[in-house]
$ cat start-v2.cif   # mmCIF, C-alpha atoms
data_work
#
loop_
_atom_site.label_atom_id
_atom_site.label_comp_id
_atom_site.auth_asym_id
_atom_site.auth_seq_id
_atom_site.Cartn_x
_atom_site.Cartn_y
_atom_site.Cartn_z
CA MET A 1 -18.46 -4.16 23.10
CA GLU A 2 -16.65 -7.46 22.94
CA LEU A 3 -14.73 -9.27 20.22
CA VAL A 4 -16.33 -12.49 19.04
CA GLU A 5 -15.46 -14.93 16.27
CA PHE A 6 -17.84 -16.44 13.71
CA GLU A 7 -17.28 -19.33 11.35
CA GLY A 8 -16.88 -18.12 7.78
CA LEU A 9 -19.75 -18.76 5.41
CA SER A 10 -17.42 -20.57 3.03
CA GLY A 11 -16.28 -22.92 5.77
CA HIS A 12 -12.75 -21.47 5.76
CA GLY A 13 -11.44 -19.51 8.71
CA GLN A 14 -13.44 -17.04 10.71
CA TYR A 15 -15.01 -13.61 10.65
CA PHE A 16 -14.30 -11.11 13.38
CA CYS A 17 -17.01 -8.72 14.56
CA LEU A 18 -17.62 -6.21 17.30
CA VAL A 19 -20.81 -6.85 19.19
CA ASN A 20 -22.59 -4.43 21.49
CA GLU A 21 -24.39 -6.32 24.25
CA PHE A 22 -27.27 -3.84 24.20
CA GLU A 23 -27.70 -3.22 20.50
CA GLY A 24 -26.49 -6.41 18.81
CA PRO A 25 -23.86 -6.44 16.04
CA TYR A 26 -21.92 -3.18 15.85
CA LEU A 27 -21.51 -1.71 12.37
CA PRO A 28 -18.04 -0.29 11.83
CA PRO A 29 -17.91 3.11 10.10
CA THR A 30 -17.17 1.70 6.64
CA GLU A 31 -20.39 -0.34 6.81
CA GLN A 32 -22.62 2.50 7.96
CA GLU A 33 -24.85 4.48 5.61
CA GLY A 34 -23.47 7.83 4.50
CA PRO A 35 -25.16 11.24 4.57
CA VAL A 36 -26.11 11.30 0.87
CA LYS A 37 -29.12 9.10 0.14
CA ASN A 38 -31.35 8.33 -2.84
CA LEU A 39 -28.35 8.50 -5.15
CA GLU A 40 -30.29 7.21 -8.15
CA GLN A 41 -32.60 10.21 -7.92
CA LEU A 42 -29.87 12.86 -8.03
CA PRO A 43 -29.18 14.89 -11.18
CA LEU A 44 -25.87 13.91 -12.77
CA SER A 45 -24.12 17.13 -11.75
CA ASP A 46 -25.24 16.73 -8.12
CA LEU A 47 -24.19 13.08 -8.07
CA ILE A 48 -20.71 13.91 -9.32
CA ARG A 49 -20.25 16.88 -7.00
CA SER A 50 -21.56 14.98 -3.97
CA MET A 51 -19.21 12.06 -4.56
CA HIS A 52 -16.26 14.37 -5.13
CA ASP A 53 -16.96 16.34 -1.96
CA HIS A 54 -17.38 13.10 0.01
CA SER A 55 -13.87 12.00 -0.99
CA ASP A 56 -12.35 14.75 1.18
CA ALA A 57 -12.82 12.38 4.10
CA ALA A 58 -10.05 10.14 2.77
CA HIS A 59 -7.43 12.91 2.80
CA THR A 60 -8.55 14.11 6.22
CA ALA A 61 -8.32 10.59 7.64
CA VAL A 62 -4.80 10.05 6.32
CA SER A 63 -3.69 13.42 7.66
CA LYS A 64 -4.82 12.42 11.15
CA CYS A 65 -2.82 9.19 11.10
CA LEU A 66 0.46 10.67 9.80
CA PRO A 67 2.14 10.17 13.22
CA GLN A 68 1.32 6.45 13.00
CA ILE A 69 2.77 6.26 9.49
CA GLU A 70 5.92 8.05 10.63
CA ALA A 71 6.36 5.66 13.56
CA PHE A 72 6.05 2.68 11.23
CA LEU A 73 8.56 4.11 8.77
CA GLU A 74 11.05 4.77 11.54
CA ALA A 75 10.96 1.05 12.29
CA LEU A 76 10.82 -0.10 8.65
CA ILE A 77 13.63 1.89 7.06
CA PRO A 78 16.54 0.55 9.19
CA ARG A 79 15.39 -2.98 8.36
CA MET A 80 15.32 -2.24 4.65
CA GLN A 81 18.74 -0.62 4.89
CA GLN A 82 19.95 -3.99 6.16
CA GLY A 83 18.38 -5.81 3.21
CA GLY A 84 15.00 -6.55 4.74
CA ARG A 85 12.01 -6.86 2.42
CA LEU A 86 8.51 -5.42 2.65
CA PHE A 87 5.49 -7.69 2.19
CA TYR A 88 1.93 -6.48 1.67
CA ILE A 89 -0.95 -8.89 2.23
CA GLY A 90 -4.63 -8.26 1.57
CA ALA A 91 -7.81 -9.46 -0.07
CA GLY A 92 -10.00 -7.87 -2.73
CA THR A 93 -9.40 -4.14 -3.26
CA SER A 94 -6.93 -4.01 -0.39
CA GLY A 95 -4.87 -6.83 -1.88
CA ARG A 96 -4.95 -5.28 -5.35
CA LEU A 97 -3.72 -1.94 -4.03
CA GLY A 98 -0.81 -3.64 -2.28
CA VAL A 99 0.15 -5.53 -5.44
CA VAL A 100 -0.01 -2.34 -7.52
CA ASP A 101 2.18 -0.41 -5.10
CA ALA A 102 4.73 -3.21 -4.89
CA SER A 103 4.85 -3.70 -8.65
CA GLU A 104 5.66 -0.03 -9.22
CA CYS A 105 8.77 -0.04 -7.04
CA PRO A 106 11.22 -1.79 -9.42
CA PRO A 107 10.54 0.45 -12.45
CA THR A 108 10.31 3.63 -10.38
CA PHE A 109 13.19 3.13 -7.98
CA GLY A 110 15.30 0.43 -9.60
CA VAL A 111 15.04 -1.98 -6.67
CA ALA A 112 15.01 -5.75 -7.07
CA GLN A 113 11.69 -7.39 -7.88
CA ASP A 114 11.49 -9.03 -4.47
CA THR A 115 12.29 -5.94 -2.36
CA VAL A 116 8.61 -4.98 -2.06
CA GLN A 117 6.09 -7.77 -2.61
CA GLY A 118 2.31 -7.72 -2.84
CA TRP A 119 0.34 -10.86 -1.98
CA ILE A 120 -3.40 -11.15 -2.56
CA ALA A 121 -5.79 -13.78 -1.21
CA GLY A 122 -6.56 -16.20 -4.02
CA GLY A 123 -3.33 -15.57 -5.92
CA ASP A 124 -2.66 -13.45 -8.99
CA GLY A 125 -5.90 -14.58 -10.60
CA ALA A 126 -7.76 -12.65 -7.89
CA LEU A 127 -6.37 -9.42 -9.30
CA ARG A 128 -9.06 -9.64 -11.97
CA VAL A 129 -11.67 -12.09 -10.67
CA ALA A 130 -12.67 -12.56 -7.03
CA VAL A 131 -11.79 -15.98 -5.63
CA GLU A 132 -14.60 -17.22 -3.41
CA GLY A 133 -13.62 -17.90 0.18
CA ALA A 134 -9.94 -16.98 -0.27
CA GLU A 135 -10.06 -14.11 2.19
CA ASP A 136 -11.59 -16.35 4.88
CA ASP A 137 -8.52 -18.61 5.10
CA MET A 138 -6.67 -17.69 8.30
CA ASP A 139 -3.60 -19.69 7.22
CA GLY A 140 -3.64 -18.54 3.60
CA ALA A 141 -1.29 -15.57 3.79
CA TRP A 142 1.51 -17.38 5.58
CA LYS A 143 1.16 -20.35 3.24
CA ASP A 144 1.49 -17.96 0.30
CA LEU A 145 4.52 -16.25 1.81
CA LYS A 146 6.40 -19.48 2.49
CA SER A 147 7.79 -19.46 -1.04
CA ALA A 148 9.40 -16.07 -0.29
CA LEU A 149 11.17 -17.51 2.79
CA PRO A 150 10.30 -14.63 5.15
CA ALA A 151 13.08 -13.78 7.59
CA GLU A 152 13.28 -11.78 10.82
CA ASN A 153 14.60 -8.69 9.05
CA ASP A 154 11.53 -8.55 6.80
CA THR A 155 8.36 -6.53 7.39
CA LEU A 156 4.74 -7.48 6.78
CA VAL A 157 1.90 -4.99 6.35
CA GLY A 158 -1.64 -6.31 6.49
CA ILE A 159 -4.09 -4.24 4.43
CA ALA A 160 -7.76 -4.56 5.36
CA ALA A 161 -10.23 -1.69 5.20
CA SER A 162 -12.52 -3.57 7.58
CA GLY A 163 -9.68 -4.53 9.89
CA ARG A 164 -11.06 -8.04 10.29
CA THR A 165 -10.20 -9.99 7.12
CA PRO A 166 -9.11 -13.50 8.26
CA TYR A 167 -6.42 -13.77 5.54
CA VAL A 168 -4.82 -10.61 6.94
CA ILE A 169 -5.34 -11.39 10.63
CA GLY A 170 -3.78 -14.83 10.25
CA GLY A 171 -0.85 -13.39 8.32
CA LEU A 172 -0.19 -10.76 10.99
CA ARG A 173 -0.28 -13.36 13.75
CA ALA A 174 2.10 -15.69 11.92
CA ALA A 175 4.48 -12.84 11.07
CA ASN A 176 4.55 -11.72 14.69
CA ALA A 177 5.32 -15.26 15.80
CA ALA A 178 8.15 -15.46 13.26
CA GLY A 179 9.75 -12.24 14.52
CA LEU A 180 8.92 -9.99 11.57
CA LEU A 181 8.06 -6.33 11.98
CA THR A 182 4.32 -5.93 11.41
CA GLY A 183 2.06 -3.05 10.47
CA CYS A 184 -1.47 -2.73 9.22
CA ILE A 185 -3.53 -0.31 7.17
CA THR A 186 -7.19 -0.18 8.08
CA CYS A 187 -10.05 2.30 7.95
CA ASN A 188 -12.05 1.25 11.02
CA PRO A 189 -11.11 1.99 14.63
CA ASP A 190 -10.59 -0.65 17.32
CA SER A 191 -10.26 -3.52 14.84
CA ILE A 192 -8.61 -6.92 15.21
CA ALA A 193 -5.91 -5.89 12.73
CA GLU A 194 -5.09 -2.82 14.81
CA LYS A 195 -4.62 -5.02 17.86
CA GLU A 196 -2.49 -7.61 16.05
CA ALA A 197 -0.11 -5.23 14.28
CA GLN A 198 2.89 -3.76 16.05
CA PHE A 199 2.45 -0.54 14.07
CA PRO A 200 -1.20 0.07 13.12
CA MET A 201 -2.00 2.82 10.63
CA VAL A 202 -5.68 3.61 11.04
CA ALA A 203 -7.30 6.11 8.67
CA VAL A 204 -10.91 6.38 9.81
CA THR A 205 -12.64 7.34 6.57
CA GLY A 206 -16.19 6.88 7.85
CA PRO A 207 -19.21 5.75 5.82
CA GLU A 208 -18.69 5.24 2.10
CA PHE A 209 -20.57 7.18 -0.58
CA ILE A 210 -22.08 3.84 -1.59
CA THR A 211 -22.67 1.95 1.64
CA GLY A 212 -19.94 -0.60 2.27
CA SER A 213 -18.08 0.01 -1.01
CA THR A 214 -14.60 0.32 0.46
CA ARG A 215 -12.98 0.66 -2.95
CA LEU A 216 -14.00 4.35 -2.60
CA ASN A 217 -12.77 6.44 0.36
CA ALA A 218 -11.14 3.51 2.15
CA GLY A 219 -9.38 2.55 -1.08
CA THR A 220 -8.25 6.13 -1.66
CA ALA A 221 -6.90 6.43 1.87
CA THR A 222 -5.12 3.09 1.54
CA LYS A 223 -3.46 4.17 -1.72
CA LEU A 224 -2.35 7.43 -0.12
CA ILE A 225 -0.75 5.56 2.77
CA LEU A 226 0.97 3.09 0.45
CA ASN A 227 2.33 6.04 -1.54
CA LEU A 228 3.73 7.52 1.67
CA ILE A 229 5.30 4.26 2.80
CA THR A 230 7.18 3.25 -0.34
CA THR A 231 8.04 6.73 -1.59
CA THR A 232 9.40 7.88 1.77
CA ALA A 233 11.29 4.64 2.26
CA MET A 234 12.86 4.80 -1.20
CA VAL A 235 13.93 8.41 -0.69
CA GLN A 236 15.56 7.43 2.59
CA LEU A 237 17.21 4.44 0.93
CA GLY A 238 18.90 6.74 -1.61
CA HIS A 239 16.88 6.03 -4.75
CA VAL A 240 15.90 9.68 -5.24
CA ARG A 241 18.26 12.62 -5.76
CA GLY A 242 16.71 16.06 -5.42
CA SER A 243 13.23 15.10 -6.54
CA LYS A 244 14.43 12.86 -9.37
CA MET A 245 14.09 9.06 -9.49
CA ILE A 246 17.64 8.50 -10.64
CA ASP A 247 17.42 4.71 -10.43
CA MET A 248 14.31 4.33 -12.60
CA GLN A 249 14.30 1.66 -15.29
CA LEU A 250 14.57 3.03 -18.83
CA SER A 251 11.91 0.73 -20.23
CA ASN A 252 10.40 2.95 -22.94
CA LEU A 253 11.11 6.03 -25.04
CA LYS A 254 9.30 8.40 -22.68
CA LEU A 255 11.47 7.29 -19.78
CA VAL A 256 14.65 7.55 -21.84
CA GLU A 257 13.74 11.14 -22.72
CA ARG A 258 13.01 11.85 -19.06
CA GLY A 259 16.38 10.39 -18.16
CA VAL A 260 18.12 12.67 -20.67
CA ARG A 261 16.39 15.70 -19.13
CA MET A 262 17.35 14.60 -15.63
CA ILE A 263 20.99 14.23 -16.61
CA SER A 264 21.05 17.57 -18.39
CA GLU A 265 19.40 19.40 -15.50
CA ALA A 266 21.67 17.79 -12.91
CA THR A 267 24.94 18.47 -14.71
CA GLY A 268 24.22 21.47 -16.94
CA CYS A 269 25.34 19.58 -20.02
CA SER A 270 23.59 19.62 -23.39
CA ALA A 271 20.92 17.11 -24.29
CA THR A 272 23.32 15.56 -26.80
CA ALA A 273 25.98 15.04 -24.15
CA ALA A 274 23.39 13.73 -21.71
CA ARG A 275 22.12 11.20 -24.23
CA ALA A 276 25.64 10.03 -25.00
CA ALA A 277 26.40 9.62 -21.30
CA LEU A 278 23.18 7.70 -20.80
CA ASP A 279 24.00 5.40 -23.71
CA SER A 280 27.43 4.81 -22.22
CA ALA A 281 26.42 4.37 -18.58
CA GLY A 282 23.14 2.58 -19.12
CA ASN A 283 21.41 4.35 -16.23
CA VAL A 284 20.74 7.88 -15.01
CA ARG A 285 22.70 7.68 -11.75
CA ASP A 286 25.97 6.60 -13.35
CA ALA A 287 25.54 9.04 -16.24
CA ILE A 288 25.19 11.94 -13.80
CA ASP A 289 28.20 10.77 -11.84
CA GLN A 290 30.27 10.50 -15.04
CA LEU A 291 29.35 14.02 -16.10
CA SER A 292 29.39 15.69 -12.71
CA GLY A 293 32.83 17.17 -13.34
CA HIS A 294 32.10 18.06 -16.96
CA ALA A 295 29.19 20.51 -16.82
CA HIS A 296 28.23 22.58 -19.87
CA THR A 297 30.06 20.29 -22.28
#
$ encode --input "start-v2.cif" --output "structure tokens"
Amino acid sequence: MELVEFEGLSGHGQYFCLVNEFEGPYLPPTEQEGPVKNLEQLPLSDLIRSMHDHSDAAHTAVSKCLPQIEAFLEALIPRMQQGGRLFYIGAGTSGRLGVVDASECPPTFGVAQDTVQGWIAGGDGALRVAVEGAEDDMDGAWKDLKSALPAENDTLVGIAASGRTPYVIGGLRAANAAGLLTGCITCNPDSIAEKEAQFPMVAVTGPEFITGSTRLNAGTATKLILNLITTTAMVQLGHVRGSKMIDMQLSNLKLVERGVRMISEATGCSATAARAALDSAGNVRDAIDQLSGHAHT
């Protein structure tokens, strides 16, 4: 098989495909038909069970690429400890998953809004409505990132289930040229993204339950990997104590109550004392530190 480039249908950028000289275009696993066919003819219970059972492939695929994830994190964490930021880029479902993961970091771990950033082809409007041709723009990701002033200590992760999205490939190439650390998350083997990224994370999820619908197993595997990346990094960066997110933002009543419980459990003080300390300190970490020498008060 050889790598060839095709002009995008929209006129922007290029598509990347694997071609077998004997059999024509090679279908990557995520584009192949799965084992369960005639879905519309299945009884409801069989349809649900079959889809549920098929999703096991996502967990298995992530398990097999854990060493790749660990290698990436070993390179990422020292950079973040020095103030480096983490950028996700992607299109469609992949882009949306990156934006979701990034947006959860400030409220969960108390980091600055720009510490982890998600960028999607077509801009924020593409979170709800697909933007035609946006993913085919090879220069689009780096143009988008220019406003963030990417620096050598930053890290860019390209997310593309197919491994060939031009928006992602172009972003990886530009980030490499600029000296950033690069990784990718993809669900097809031997892809362009895997070759461009310094640290590829390849979860081969195989054919989708609905042929080509990578919001399913590929999306699940991608979300699992994103969970591993940010959660592990934030633990290592000191934003978790025990298993508690002590730097979380107290943005609603539920989270305030959780914070009171965390303080009480950590120090042994009463709920009343914990609430008073939280009111005084304004955050869980400082409240625990204030009470650490005054347990059972």
$ resolve_selection --input "start-v2.cif" --expression "the PyMOL selection byres ((chain A and resi 278) around 9)" --output "PyMOL selection string"
chain A and resi 256+259-260+263+273-277+279-284+286-288
$ atom_distance --input "start-v2.cif" --atom1 "CA of Arg164 in chain A" --atom2 "CA of Cys184 in chain A"
11.0 Å
$ closest_residue --input "start-v2.cif" --among "A:Asn176, A:Ser50, A:Ser162, A:Ser45" --to "Ile210 in chain A" --atoms "all atoms listed in the file"
A:Ser50
$ closest_residue --input "start-v2.cif" --among "A:Ala271, A:Ala160, A:Asp53, A:Thr211" --to "Asn38 in chain A" --atoms "all atoms listed in the file"
A:Thr211
$ atom_distance --input "start-v2.cif" --atom1 "CA of Met80 in chain A" --atom2 "CA of Gly118 in chain A"
16.0 Å
$ atom_distance --input "start-v2.cif" --atom1 "CA of Gly163 in chain A" --atom2 "CA of Gln113 in chain A"
27.9 Å
$ resolve_selection --input "start-v2.cif" --expression "the PyMOL selection byres ((chain A and resi 138) around 6)" --output "JSON, numbers by chain"
{"A": [13, 137, 139, 140, 166, 167, 170]}
$ closest_residue --input "start-v2.cif" --among "A:Lys64, A:Ala193, A:Asn188, A:Phe209" --to "Pro35 in chain A" --atoms "all atoms listed in the file"
A:Phe209
$ resolve_selection --input "start-v2.cif" --expression "the PyMOL selection byres ((chain A and resi 223-225) around 10)" --output "PyMOL selection string"
chain A and resi 58-59+62-63+65-66+69+94+97-98+100-101+185+201-203+217-222+226-231
$ closest_residue --input "start-v2.cif" --among "A:Leu86, A:Ala174, A:Ala61, A:Leu149" --to "Val204 in chain A" --atoms "only C-alpha atoms"
A:Ala61
$ residues_around --input "start-v2.cif" --residues "Arg241 in chain A" --least-positions-apart "2" --cutoff "12 Å" --atoms "only C-alpha atoms" --output "PDB file with C-alpha atoms, in the coordinates of the input"
ATOM      1  CA  PHE A 109      13.190   3.130  -7.980  1.00  0.00           C
ATOM      2  CA  MET A 234      12.860   4.800  -1.200  1.00  0.00           C
ATOM      3  CA  VAL A 235      13.930   8.410  -0.690  1.00  0.00           C
ATOM      4  CA  GLN A 236      15.560   7.430   2.590  1.00  0.00           C
ATOM      5  CA  LEU A 237      17.210   4.440   0.930  1.00  0.00           C
ATOM      6  CA  GLY A 238      18.900   6.740  -1.610  1.00  0.00           C
ATOM      7  CA  HIS A 239      16.880   6.030  -4.750  1.00  0.00           C
ATOM      8  CA  SER A 243      13.230  15.100  -6.540  1.00  0.00           C
ATOM      9  CA  LYS A 244      14.430  12.860  -9.370  1.00  0.00           C
ATOM     10  CA  MET A 245      14.090   9.060  -9.490  1.00  0.00           C
ATOM     11  CA  ILE A 246      17.640   8.500 -10.640  1.00  0.00           C
ATOM     12  CA  ASP A 247      17.420   4.710 -10.430  1.00  0.00           C
ATOM     13  CA  MET A 248      14.310   4.330 -12.600  1.00  0.00           C
ATOM     14  CA  MET A 262      17.350  14.600 -15.630  1.00  0.00           C
ATOM     15  CA  ILE A 263      20.990  14.230 -16.610  1.00  0.00           C
ATOM     16  CA  GLU A 265      19.400  19.400 -15.500  1.00  0.00           C
ATOM     17  CA  ALA A 266      21.670  17.790 -12.910  1.00  0.00           C
ATOM     18  CA  VAL A 284      20.740   7.880 -15.010  1.00  0.00           C
ATOM     19  CA  ARG A 285      22.700   7.680 -11.750  1.00  0.00           C
ATOM     20  CA  ILE A 288      25.190  11.940 -13.800  1.00  0.00           C
ATOM     21  CA  ASP A 289      28.200  10.770 -11.840  1.00  0.00           C
TER      22      ASP A 289
END
$ residues_around --input "start-v2.cif" --residues "Gly158 in chain A" --least-positions-apart "5" --cutoff "10 Å" --atoms "all atoms listed in the file" --output "PyMOL selection string"
chain A and resi 87-91+94-95+98+119+141+163+165+167-172+182-186+193-194+196-197+200
$ closest_residue --input "start-v2.cif" --among "A:Glu70, A:Glu257, A:Glu31, A:Asp124" --to "Asp144 in chain A" --atoms "all atoms listed in the file"
A:Asp124
$ closest_residue --input "start-v2.cif" --among "A:Leu291, A:Val99, A:Val111, A:Ile192" --to "Gly123 in chain A" --atoms "all atoms listed in the file"
A:Val99
$ decode --input "start-v2.cif" --residues "range 45-70 of chain A" --atoms "N, CA and C atoms" --output "tab-separated table (two decimals), in the first residue's frame"
chain	number	residue	atom	x	y	z
A	45	SER	N	-34.86	-5.50	21.54
A	45	SER	CA	-33.96	-6.04	22.57
A	45	SER	C	-32.66	-6.54	21.97
A	46	ASP	N	-32.73	-7.18	20.79
A	46	ASP	CA	-31.52	-7.66	20.13
A	46	ASP	C	-30.66	-6.50	19.63
A	47	LEU	N	-31.31	-5.46	19.13
A	47	LEU	CA	-30.59	-4.30	18.64
A	47	LEU	C	-29.80	-3.64	19.77
A	48	ILE	N	-30.46	-3.46	20.90
A	48	ILE	CA	-29.81	-2.83	22.05
A	48	ILE	C	-28.66	-3.68	22.56
A	49	ARG	N	-28.90	-4.97	22.73
A	49	ARG	CA	-27.87	-5.87	23.24
A	49	ARG	C	-26.69	-5.96	22.28
A	50	SER	N	-26.98	-6.05	20.99
A	50	SER	CA	-25.90	-6.15	20.01
A	50	SER	C	-25.01	-4.91	20.02
A	51	MET	N	-25.65	-3.74	20.09
A	51	MET	CA	-24.87	-2.51	20.11
A	51	MET	C	-24.05	-2.40	21.39
A	52	HIS	N	-24.64	-2.77	22.50
A	52	HIS	CA	-23.92	-2.73	23.78
A	52	HIS	C	-22.72	-3.66	23.74
A	53	ASP	N	-22.93	-4.88	23.28
A	53	ASP	CA	-21.83	-5.85	23.23
A	53	ASP	C	-20.72	-5.37	22.29
A	54	HIS	N	-21.12	-4.72	21.19
A	54	HIS	CA	-20.14	-4.25	20.21
A	54	HIS	C	-19.24	-3.17	20.81
A	55	SER	N	-19.74	-2.43	21.79
A	55	SER	CA	-18.96	-1.33	22.38
A	55	SER	C	-17.77	-1.82	23.20
A	56	ASP	N	-17.73	-3.12	23.52
A	56	ASP	CA	-16.57	-3.65	24.24
A	56	ASP	C	-15.27	-3.40	23.48
A	57	ALA	N	-15.38	-3.32	22.16
A	57	ALA	CA	-14.18	-3.12	21.34
A	57	ALA	C	-13.47	-1.82	21.69
A	58	ALA	N	-14.21	-0.80	22.10
A	58	ALA	CA	-13.60	0.48	22.44
A	58	ALA	C	-12.69	0.34	23.66
A	59	HIS	N	-13.17	-0.32	24.69
A	59	HIS	CA	-12.38	-0.50	25.91
A	59	HIS	C	-11.16	-1.38	25.64
A	60	THR	N	-11.35	-2.43	24.85
A	60	THR	CA	-10.23	-3.30	24.52
A	60	THR	C	-9.16	-2.54	23.75
A	61	ALA	N	-9.58	-1.72	22.81
A	61	ALA	CA	-8.63	-0.95	22.00
A	61	ALA	C	-7.82	0.02	22.85
A	62	VAL	N	-8.47	0.69	23.77
A	62	VAL	CA	-7.76	1.64	24.64
A	62	VAL	C	-6.78	0.89	25.55
A	63	SER	N	-7.21	-0.24	26.06
A	63	SER	CA	-6.33	-1.04	26.91
A	63	SER	C	-5.03	-1.39	26.20
A	64	LYS	N	-5.13	-1.72	24.92
A	64	LYS	CA	-3.95	-2.12	24.16
A	64	LYS	C	-3.01	-0.96	23.88
A	65	CYS	N	-3.52	0.27	23.91
A	65	CYS	CA	-2.62	1.39	23.62
A	65	CYS	C	-2.22	2.17	24.88
A	66	LEU	N	-2.45	1.60	26.05
A	66	LEU	CA	-2.04	2.26	27.30
A	66	LEU	C	-0.55	2.60	27.34
A	67	PRO	N	0.34	1.73	26.84
A	67	PRO	CA	1.76	2.12	26.82
A	67	PRO	C	2.02	3.38	26.00
A	68	GLN	N	1.30	3.56	24.90
A	68	GLN	CA	1.45	4.78	24.10
A	68	GLN	C	0.97	6.00	24.87
A	69	ILE	N	-0.13	5.85	25.58
A	69	ILE	CA	-0.67	6.96	26.37
A	69	ILE	C	0.30	7.34	27.47
A	70	GLU	N	0.88	6.34	28.13
A	70	GLU	CA	1.84	6.59	29.19
A	70	GLU	C	3.07	7.32	28.65
